[in-house]
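Colleague: Okay, here's the structure, questions in a sec.
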2 protein chains.
Amino acid sequence: MSRLDSFIRRLEAQRACLGHAAALVRDLDGAVLELGLGNGRTYDHLRELVPARDIYVCERHVAAHPDCIPPDDRLLLGDMFDTLPAATFLAGRVALAHFDAGTGDEAANRDLAAGLRPLILPLLRPGGILVTQQAMEGPELEALPNPEVVPHARYYLYRRLP
Amino acid sequence: MSRLDSFIRRLEAQRACLGHAAALVRDLDGAVLELGLGNGRTYDHLRELVPARDIYVCERHVAAHPDCIPPDDRLLLGDMFDTLPAATFLAGRVALAHFDAGTGDEAANRDLAAGLRPLILPLLRPGGILVTQQAMEGPELEALPNPEVVPHARYYLYRRLP
């Protein structure tokens, strides 16, 4: 399998999991948190999936397509290890969070996911869904099955326990 | 349609067109020319599709995944407007060329395609196939139908006339 093949598979998994997560939180009030803006493709997709929600986006340096830049008051600008603990206004208010480290370095991605996990958890409301490309197991999170088209361990879905 | 949706569509079109082009040149000797390395995903895919061919790759500054960097003697390093005219050893020897400007700026992509077209043509052998994300019509090229899964004008396939 070429890198083009695996990249397409990863994007399709991401799209399927985000759609599934949006359906899971349909009856759950709360904000959306995108952990990393990047080029803005996933943010743009979330805007389409959940247009009525406040979507907050973490980013160190904004370099997205001009059409895909969140309004200033929805942008958590800076290092996530600083901005997430400071985002107390989001504590227990996030219904859907998405994390995709987005680099090709799997070891670095895993370390980043492990480091961010304790910072994301306090923001999720009970019943809130975490969609992540890296595993984030733990006692506060119930692992959910992926949508049918996404093989196990390609993407991860968790529900925040009460 | 979100930017995530359209990006997935574009990558799927690229993969389908490259596979189709590789089948079209199966009985045609010649090298492969990738116009732009980028992150190396398409180059990696071409290596899988046509492993027995010499694959030459144009790139200004190599920034691909370390596994996806061509050997030095297959890399045309520098501005394509300099390196393509200088690649006289490839004149009339390319059986399959692929161009994807790869930026989100459609006007700039079209200009780049128009500028590169006269530099690519002399390298293509008669019967050689040009796969391109930007249209490159002209009297030297026969427009070919896309594979069934790729709508008209999403990607382009041409055959070099004798």
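Letters A, B, ... mark the chains of the structure tokens in the order given; residue numbers begin at 1 per chain; ligand numbers begin at 1, in order shown.
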Please identify every residue of chain A that has at least one atom no more than 7 Å from any atom of chain B, counting only C-alpha atoms, and report them as a compact mmCIF listing (two decimals) with N, CA and C atoms, in the first residue's frame.

Modeller:
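Generated output (iface_24.txt):
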# COMPACT_ATOMS: atom_id res chain seq x y z
N SER A 2 0.62 2.13 -0.94
CA SER A 2 1.44 3.34 -1.05
C SER A 2 1.01 4.37 -0.02
N ARG A 3 1.83 5.38 0.14
CA ARG A 3 1.47 6.48 1.05
C ARG A 3 0.23 7.23 0.55
N LEU A 4 0.04 7.26 -0.75
CA LEU A 4 -1.20 7.87 -1.27
C LEU A 4 -2.41 7.04 -0.84
N ILE A 8 -5.39 8.39 1.78
CA ILE A 8 -6.81 8.40 1.42
C ILE A 8 -7.62 7.62 2.46
N LEU A 11 -8.00 9.77 5.61
CA LEU A 11 -8.97 10.86 5.47
C LEU A 11 -10.40 10.33 5.44
N ARG A 41 -9.09 22.05 6.67
CA ARG A 41 -10.03 21.16 6.01
C ARG A 41 -11.02 20.52 6.98
N THR A 42 -10.48 20.04 8.11
CA THR A 42 -11.36 19.37 9.07
C THR A 42 -12.27 20.38 9.76
N ASP A 44 -13.40 23.06 8.39
CA ASP A 44 -14.44 23.35 7.40
C ASP A 44 -15.49 22.23 7.39
N HIS A 45 -15.04 21.01 7.52
CA HIS A 45 -15.96 19.88 7.54
C HIS A 45 -16.85 19.93 8.79
N GLU A 48 -19.68 22.29 8.48
CA GLU A 48 -20.80 21.75 7.72
C GLU A 48 -21.60 20.75 8.53

Colleague: For Ala113 (chain A), please output as a VMD selection string all residues within 9 Å (counting only C-alpha atoms; exclusion window: fewer than 5 positions along the same chain).

Modeller: chain A and resid 99 to 101 108 132 to 136

Colleague: Go ahead and write the residues just picked, all heavy atoms, as a PDB file, in the first residue's frame.

Modeller:
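Final file, out.pdb:
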ATOM      1  N   PHE A  99      -9.121  15.236  17.658  1.00  0.00           N
ATOM      2  CA  PHE A  99      -7.666  15.381  17.664  1.00  0.00           C
ATOM      3  C   PHE A  99      -7.053  14.535  16.554  1.00  0.00           C
ATOM      4  O   PHE A  99      -7.318  13.343  16.431  1.00  0.00           O
ATOM      5  CB  PHE A  99      -7.080  14.927  19.013  1.00  0.00           C
ATOM      6  CG  PHE A  99      -5.576  14.903  19.021  1.00  0.00           C
ATOM      7  CD1 PHE A  99      -4.853  16.087  18.917  1.00  0.00           C
ATOM      8  CD2 PHE A  99      -4.881  13.704  19.094  1.00  0.00           C
ATOM      9  CE1 PHE A  99      -3.463  16.078  18.898  1.00  0.00           C
ATOM     10  CE2 PHE A  99      -3.489  13.685  19.081  1.00  0.00           C
ATOM     11  CZ  PHE A  99      -2.787  14.870  18.990  1.00  0.00           C
ATOM     12  N   ASP A 100      -6.220  15.174  15.758  1.00  0.00           N
ATOM     13  CA  ASP A 100      -5.427  14.479  14.736  1.00  0.00           C
ATOM     14  C   ASP A 100      -4.079  15.159  14.725  1.00  0.00           C
ATOM     15  O   ASP A 100      -3.949  16.289  14.249  1.00  0.00           O
ATOM     16  CB  ASP A 100      -6.115  14.594  13.373  1.00  0.00           C
ATOM     17  CG  ASP A 100      -5.244  14.082  12.231  1.00  0.00           C
ATOM     18  OD1 ASP A 100      -4.182  13.506  12.499  1.00  0.00           O
ATOM     19  OD2 ASP A 100      -5.639  14.280  11.069  1.00  0.00           O
ATOM     20  N   ALA A 101      -3.081  14.472  15.264  1.00  0.00           N
ATOM     21  CA  ALA A 101      -1.752  15.090  15.360  1.00  0.00           C
ATOM     22  C   ALA A 101      -1.253  15.477  13.976  1.00  0.00           C
ATOM     23  O   ALA A 101      -0.582  16.488  13.805  1.00  0.00           O
ATOM     24  CB  ALA A 101      -0.778  14.130  16.035  1.00  0.00           C
ATOM     25  N   ALA A 108       6.004  10.434  17.921  1.00  0.00           N
ATOM     26  CA  ALA A 108       5.723  11.800  18.383  1.00  0.00           C
ATOM     27  C   ALA A 108       4.221  12.014  18.531  1.00  0.00           C
ATOM     28  O   ALA A 108       3.765  12.665  19.487  1.00  0.00           O
ATOM     29  CB  ALA A 108       6.315  12.817  17.401  1.00  0.00           C
ATOM     30  N   THR A 132     -10.393  10.709  17.840  1.00  0.00           N
ATOM     31  CA  THR A 132      -8.954  10.941  17.812  1.00  0.00           C
ATOM     32  C   THR A 132      -8.232   9.932  16.921  1.00  0.00           C
ATOM     33  O   THR A 132      -8.611   8.757  16.867  1.00  0.00           O
ATOM     34  CB  THR A 132      -8.370  10.921  19.250  1.00  0.00           C
ATOM     35  OG1 THR A 132      -6.946  10.785  19.191  1.00  0.00           O
ATOM     36  CG2 THR A 132      -8.939   9.795  20.092  1.00  0.00           C
ATOM     37  N   GLN A 133      -7.222  10.413  16.249  1.00  0.00           N
ATOM     38  CA  GLN A 133      -6.440   9.505  15.411  1.00  0.00           C
ATOM     39  C   GLN A 133      -5.467   8.677  16.250  1.00  0.00           C
ATOM     40  O   GLN A 133      -4.971   7.656  15.795  1.00  0.00           O
ATOM     41  CB  GLN A 133      -5.685  10.299  14.351  1.00  0.00           C
ATOM     42  CG  GLN A 133      -5.572   9.509  13.054  1.00  0.00           C
ATOM     43  CD  GLN A 133      -4.333   9.813  12.281  1.00  0.00           C
ATOM     44  OE1 GLN A 133      -3.841  10.939  12.300  1.00  0.00           O
ATOM     45  NE2 GLN A 133      -3.818   8.826  11.575  1.00  0.00           N
ATOM     46  N   GLN A 134      -5.195   9.154  17.473  1.00  0.00           N
ATOM     47  CA  GLN A 134      -4.305   8.407  18.361  1.00  0.00           C
ATOM     48  C   GLN A 134      -5.119   7.889  19.550  1.00  0.00           C
ATOM     49  O   GLN A 134      -5.995   8.605  20.052  1.00  0.00           O
ATOM     50  CB  GLN A 134      -3.171   9.317  18.858  1.00  0.00           C
ATOM     51  CG  GLN A 134      -1.989   9.414  17.899  1.00  0.00           C
ATOM     52  CD  GLN A 134      -2.291  10.228  16.669  1.00  0.00           C
ATOM     53  OE1 GLN A 134      -3.019  11.211  16.736  1.00  0.00           O
ATOM     54  NE2 GLN A 134      -1.749   9.819  15.526  1.00  0.00           N
ATOM     55  N   ALA A 135      -4.796   6.691  19.991  1.00  0.00           N
ATOM     56  CA  ALA A 135      -5.515   6.090  21.116  1.00  0.00           C
ATOM     57  C   ALA A 135      -5.381   6.965  22.358  1.00  0.00           C
ATOM     58  O   ALA A 135      -4.323   7.568  22.594  1.00  0.00           O
ATOM     59  CB  ALA A 135      -4.959   4.697  21.390  1.00  0.00           C
ATOM     60  N   MET A 136      -6.456   7.082  23.130  1.00  0.00           N
ATOM     61  CA  MET A 136      -6.436   7.857  24.383  1.00  0.00           C
ATOM     62  C   MET A 136      -7.204   7.120  25.478  1.00  0.00           C
ATOM     63  O   MET A 136      -7.945   7.733  26.248  1.00  0.00           O
ATOM     64  CB  MET A 136      -7.040   9.255  24.164  1.00  0.00           C
ATOM     65  CG  MET A 136      -6.190  10.184  23.308  1.00  0.00           C
ATOM     66  SD  MET A 136      -6.601  11.931  23.579  1.00  0.00           S
ATOM     67  CE  MET A 136      -5.713  12.737  22.247  1.00  0.00           C
TER      68      MET A 136
END

Colleague: Would you mind writing down, as number ranges by chain, each residue of region 23-158 of chain B that DSSP on the backbone assigns to strand (DSSP E or B)?

Modeller: B: 31-35, 55-59, 75-77, 94-99, 124-132, 141-144, 152, 155-158

Colleague: Give me, as a count of residues only, all polymer residues having an atom no more than 7 Å from Ala31 (chain A), counting only C-alpha atoms and skipping those fewer than 2 positions away in the same chain.

Modeller: 8

Colleague: What is the CA of Ala64 (chain B)-CA of Ala107 (chain A) distance in Å, reported with one decimal?

Modeller: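 Computing the Euclidean distance for CA of Ala64 (chain B) and CA of Ala107 (chain A) yields 18.3 Å.
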
Colleague: Could you give me, as a PyMOL selection string, each residue of chain A that DSSP assigns to alpha helix (DSSP H) when run on this structure's backbone?

Modeller: chain A and resi 3-24+41-49+80-86+106-120

Colleague: What separation in Å, quoted to one decimal, exists between CA of Gly19 (chain A) and CA of Tyr56 (chain A)?

Modeller: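 It comes out at 17.7 Å.
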
Colleague: Tell me, as an mmCIF file with N, CA and C atoms, in the first residue's frame, which residues lie within 9 Å of Arg160 (chain A), counting only C-alpha atoms; anything in the same chain fewer than 5 positions away does not count.

Modeller:
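For reference, around_11.cif as written:
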data_model
loop_
_atom_site.group_PDB
_atom_site.id
_atom_site.type_symbol
_atom_site.label_atom_id
_atom_site.label_comp_id
_atom_site.auth_asym_id
_atom_site.auth_seq_id
_atom_site.Cartn_x
_atom_site.Cartn_y
_atom_site.Cartn_z
ATOM 1 N N LEU A 121 -9.600 16.035 28.828
ATOM 2 C CA LEU A 121 -10.645 15.406 29.648
ATOM 3 C C LEU A 121 -11.503 16.401 30.432
ATOM 4 N N LEU A 124 -14.333 18.052 28.346
ATOM 5 C CA LEU A 124 -15.452 17.233 27.828
ATOM 6 C C LEU A 124 -16.580 17.181 28.845
ATOM 7 N N ARG A 125 -17.787 17.366 28.371
ATOM 8 C CA ARG A 125 -18.930 17.190 29.259
ATOM 9 C C ARG A 125 -19.254 15.690 29.368
ATOM 10 N N PRO A 126 -19.906 15.266 30.430
ATOM 11 C CA PRO A 126 -20.309 13.870 30.522
ATOM 12 C C PRO A 126 -21.137 13.492 29.292
ATOM 13 N N GLY A 127 -20.809 12.369 28.698
ATOM 14 C CA GLY A 127 -21.483 11.953 27.470
ATOM 15 C C GLY A 127 -20.852 12.527 26.218
ATOM 16 N N GLY A 128 -19.947 13.472 26.377
ATOM 17 C CA GLY A 128 -19.275 14.074 25.225
ATOM 18 C C GLY A 128 -18.383 13.069 24.522
ATOM 19 N N ILE A 129 -18.167 13.310 23.229
ATOM 20 C CA ILE A 129 -17.439 12.352 22.392
ATOM 21 C C ILE A 129 -16.066 12.919 22.016
ATOM 22 N N LEU A 130 -15.056 12.067 22.145
ATOM 23 C CA LEU A 130 -13.704 12.411 21.701
ATOM 24 C C LEU A 130 -13.370 11.540 20.489
ATOM 25 N N GLU A 140 -11.675 7.303 32.469
ATOM 26 C CA GLU A 140 -12.740 8.306 32.330
ATOM 27 C C GLU A 140 -13.451 8.194 30.988
ATOM 28 N N LEU A 141 -12.938 7.337 30.114
ATOM 29 C CA LEU A 141 -13.459 7.278 28.743
ATOM 30 C C LEU A 141 -13.918 5.874 28.392
ATOM 31 N N GLU A 142 -15.100 5.798 27.823
ATOM 32 C CA GLU A 142 -15.617 4.524 27.306
ATOM 33 C C GLU A 142 -15.262 4.428 25.820
#

Colleague: Would you list the contacts of Val57 (chain B) as a list in words, taking every protein, DNA or RNA residue within 8 Å and counting only C-alpha atoms, but skipping same-chain residues closer than 3 positions in sequence?

Modeller: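 Once the adjacent positions are removed, what remains is Leu33, Glu34, Leu35, Gly36, Leu37, Tyr43, Pro70, Arg74, Leu75 and Leu76 of chain B.
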
Colleague: Pick out the residues sitting within 8 Å of Ala13 (chain B), and hand them over as a PyMOL selection string; count only C-alpha atoms, and ignore anything fewer than 3 positions along from it in its own chain.

Modeller: chain B and resi 9-10+16-17+149-150+154-155

Colleague: Could you dump the residues just selected with N, CA, C and O atoms as a tab-separated table (two decimals), in the first residue's frame?

Modeller:
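Below you can see selection.tsv, which holds the result:
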chain	number	residue	atom	x	y	z
B	9	ARG	N	-12.04	13.67	-2.72
B	9	ARG	CA	-12.42	13.44	-4.13
B	9	ARG	C	-11.23	13.64	-5.07
B	9	ARG	O	-11.04	12.90	-6.03
B	10	ARG	N	-10.43	14.69	-4.79
B	10	ARG	CA	-9.30	15.00	-5.65
B	10	ARG	C	-8.25	13.89	-5.59
B	10	ARG	O	-7.70	13.47	-6.60
B	16	ALA	N	-7.06	7.16	-9.31
B	16	ALA	CA	-7.72	6.43	-10.40
B	16	ALA	C	-7.07	6.77	-11.75
B	16	ALA	O	-6.86	5.89	-12.59
B	17	CYS	N	-6.74	8.05	-11.95
B	17	CYS	CA	-6.15	8.45	-13.23
B	17	CYS	C	-4.73	7.90	-13.39
B	17	CYS	O	-4.33	7.51	-14.48
B	149	VAL	N	-14.82	6.40	-12.82
B	149	VAL	CA	-15.11	6.97	-11.50
B	149	VAL	C	-14.73	8.45	-11.38
B	149	VAL	O	-15.03	9.08	-10.38
B	150	VAL	N	-14.06	8.99	-12.41
B	150	VAL	CA	-13.57	10.38	-12.32
B	150	VAL	C	-14.37	11.28	-13.25
B	150	VAL	O	-14.28	11.14	-14.47
B	154	ARG	N	-12.29	16.95	-13.63
B	154	ARG	CA	-11.67	16.88	-12.30
B	154	ARG	C	-10.19	16.56	-12.44
B	154	ARG	O	-9.36	17.03	-11.68
B	155	TYR	N	-9.84	15.76	-13.42
B	155	TYR	CA	-8.47	15.43	-13.76
B	155	TYR	C	-8.45	15.28	-15.27
B	155	TYR	O	-9.51	15.13	-15.90

Colleague: Could you pull the residues within 7 Å of Gly78 (chain B), counting only C-alpha atoms, minus those fewer than 2 positions along the same chain, as a PyMOL selection string?

Modeller: chain B and resi 59-60+76+80+83

Colleague: Using all heavy atoms, can you write the selected residues to a file as a PDB file, in the first residue's frame?

Modeller:
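Output contents, as saved in again-v5.pdb:
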ATOM      1  N   GLU B  59      11.745  18.818  -8.403  1.00  0.00           N
ATOM      2  CA  GLU B  59      11.420  19.477  -7.139  1.00  0.00           C
ATOM      3  C   GLU B  59      12.384  20.628  -6.913  1.00  0.00           C
ATOM      4  O   GLU B  59      13.563  20.542  -7.206  1.00  0.00           O
ATOM      5  CB  GLU B  59      11.491  18.483  -5.969  1.00  0.00           C
ATOM      6  CG  GLU B  59      11.127  19.069  -4.612  1.00  0.00           C
ATOM      7  CD  GLU B  59       9.712  19.623  -4.545  1.00  0.00           C
ATOM      8  OE1 GLU B  59       8.757  18.848  -4.439  1.00  0.00           O
ATOM      9  OE2 GLU B  59       9.544  20.873  -4.628  1.00  0.00           O
ATOM     10  N   ARG B  60      11.838  21.696  -6.365  1.00  0.00           N
ATOM     11  CA  ARG B  60      12.665  22.863  -6.086  1.00  0.00           C
ATOM     12  C   ARG B  60      13.475  22.636  -4.808  1.00  0.00           C
ATOM     13  O   ARG B  60      14.691  22.745  -4.800  1.00  0.00           O
ATOM     14  CB  ARG B  60      11.764  24.093  -5.938  1.00  0.00           C
ATOM     15  CG  ARG B  60      12.502  25.413  -5.957  1.00  0.00           C
ATOM     16  CD  ARG B  60      11.579  26.544  -5.533  1.00  0.00           C
ATOM     17  NE  ARG B  60      10.454  26.696  -6.421  1.00  0.00           N
ATOM     18  CZ  ARG B  60      10.343  27.652  -7.342  1.00  0.00           C
ATOM     19  NH1 ARG B  60      11.316  28.532  -7.486  1.00  0.00           N
ATOM     20  NH2 ARG B  60       9.265  27.736  -8.092  1.00  0.00           N
ATOM     21  N   LEU B  76      15.386  15.961 -10.485  1.00  0.00           N
ATOM     22  CA  LEU B  76      15.683  17.175 -11.244  1.00  0.00           C
ATOM     23  C   LEU B  76      15.476  18.335 -10.280  1.00  0.00           C
ATOM     24  O   LEU B  76      14.363  18.831 -10.094  1.00  0.00           O
ATOM     25  CB  LEU B  76      14.765  17.298 -12.455  1.00  0.00           C
ATOM     26  CG  LEU B  76      14.691  16.059 -13.376  1.00  0.00           C
ATOM     27  CD1 LEU B  76      13.764  16.326 -14.568  1.00  0.00           C
ATOM     28  CD2 LEU B  76      16.076  15.674 -13.875  1.00  0.00           C
ATOM     29  N   MET B  80      11.412  24.142 -12.177  1.00  0.00           N
ATOM     30  CA  MET B  80      11.081  23.348 -13.373  1.00  0.00           C
ATOM     31  C   MET B  80      11.289  24.128 -14.666  1.00  0.00           C
ATOM     32  O   MET B  80      11.551  23.528 -15.718  1.00  0.00           O
ATOM     33  CB  MET B  80       9.634  22.852 -13.292  1.00  0.00           C
ATOM     34  CG  MET B  80       9.451  21.757 -12.261  1.00  0.00           C
ATOM     35  SD  MET B  80       7.840  20.919 -12.373  1.00  0.00           S
ATOM     36  CE  MET B  80       6.812  22.038 -11.443  1.00  0.00           C
ATOM     37  N   THR B  83      14.934  23.316 -15.045  1.00  0.00           N
ATOM     38  CA  THR B  83      15.373  21.915 -15.108  1.00  0.00           C
ATOM     39  C   THR B  83      14.754  21.155 -16.281  1.00  0.00           C
ATOM     40  O   THR B  83      15.412  20.284 -16.862  1.00  0.00           O
ATOM     41  CB  THR B  83      15.059  21.170 -13.792  1.00  0.00           C
ATOM     42  OG1 THR B  83      13.646  21.233 -13.535  1.00  0.00           O
ATOM     43  CG2 THR B  83      15.801  21.806 -12.617  1.00  0.00           C
TER      44      THR B  83
END

Colleague: From the list B:Leu144, B:Val50, B:Pro66, B:Ala86, which residue is nearest Val25 (chain B) when using only C-alpha atoms?

Modeller: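 Among the listed residues, the smallest separation from Val25 (chain B) belongs to B:Val50.
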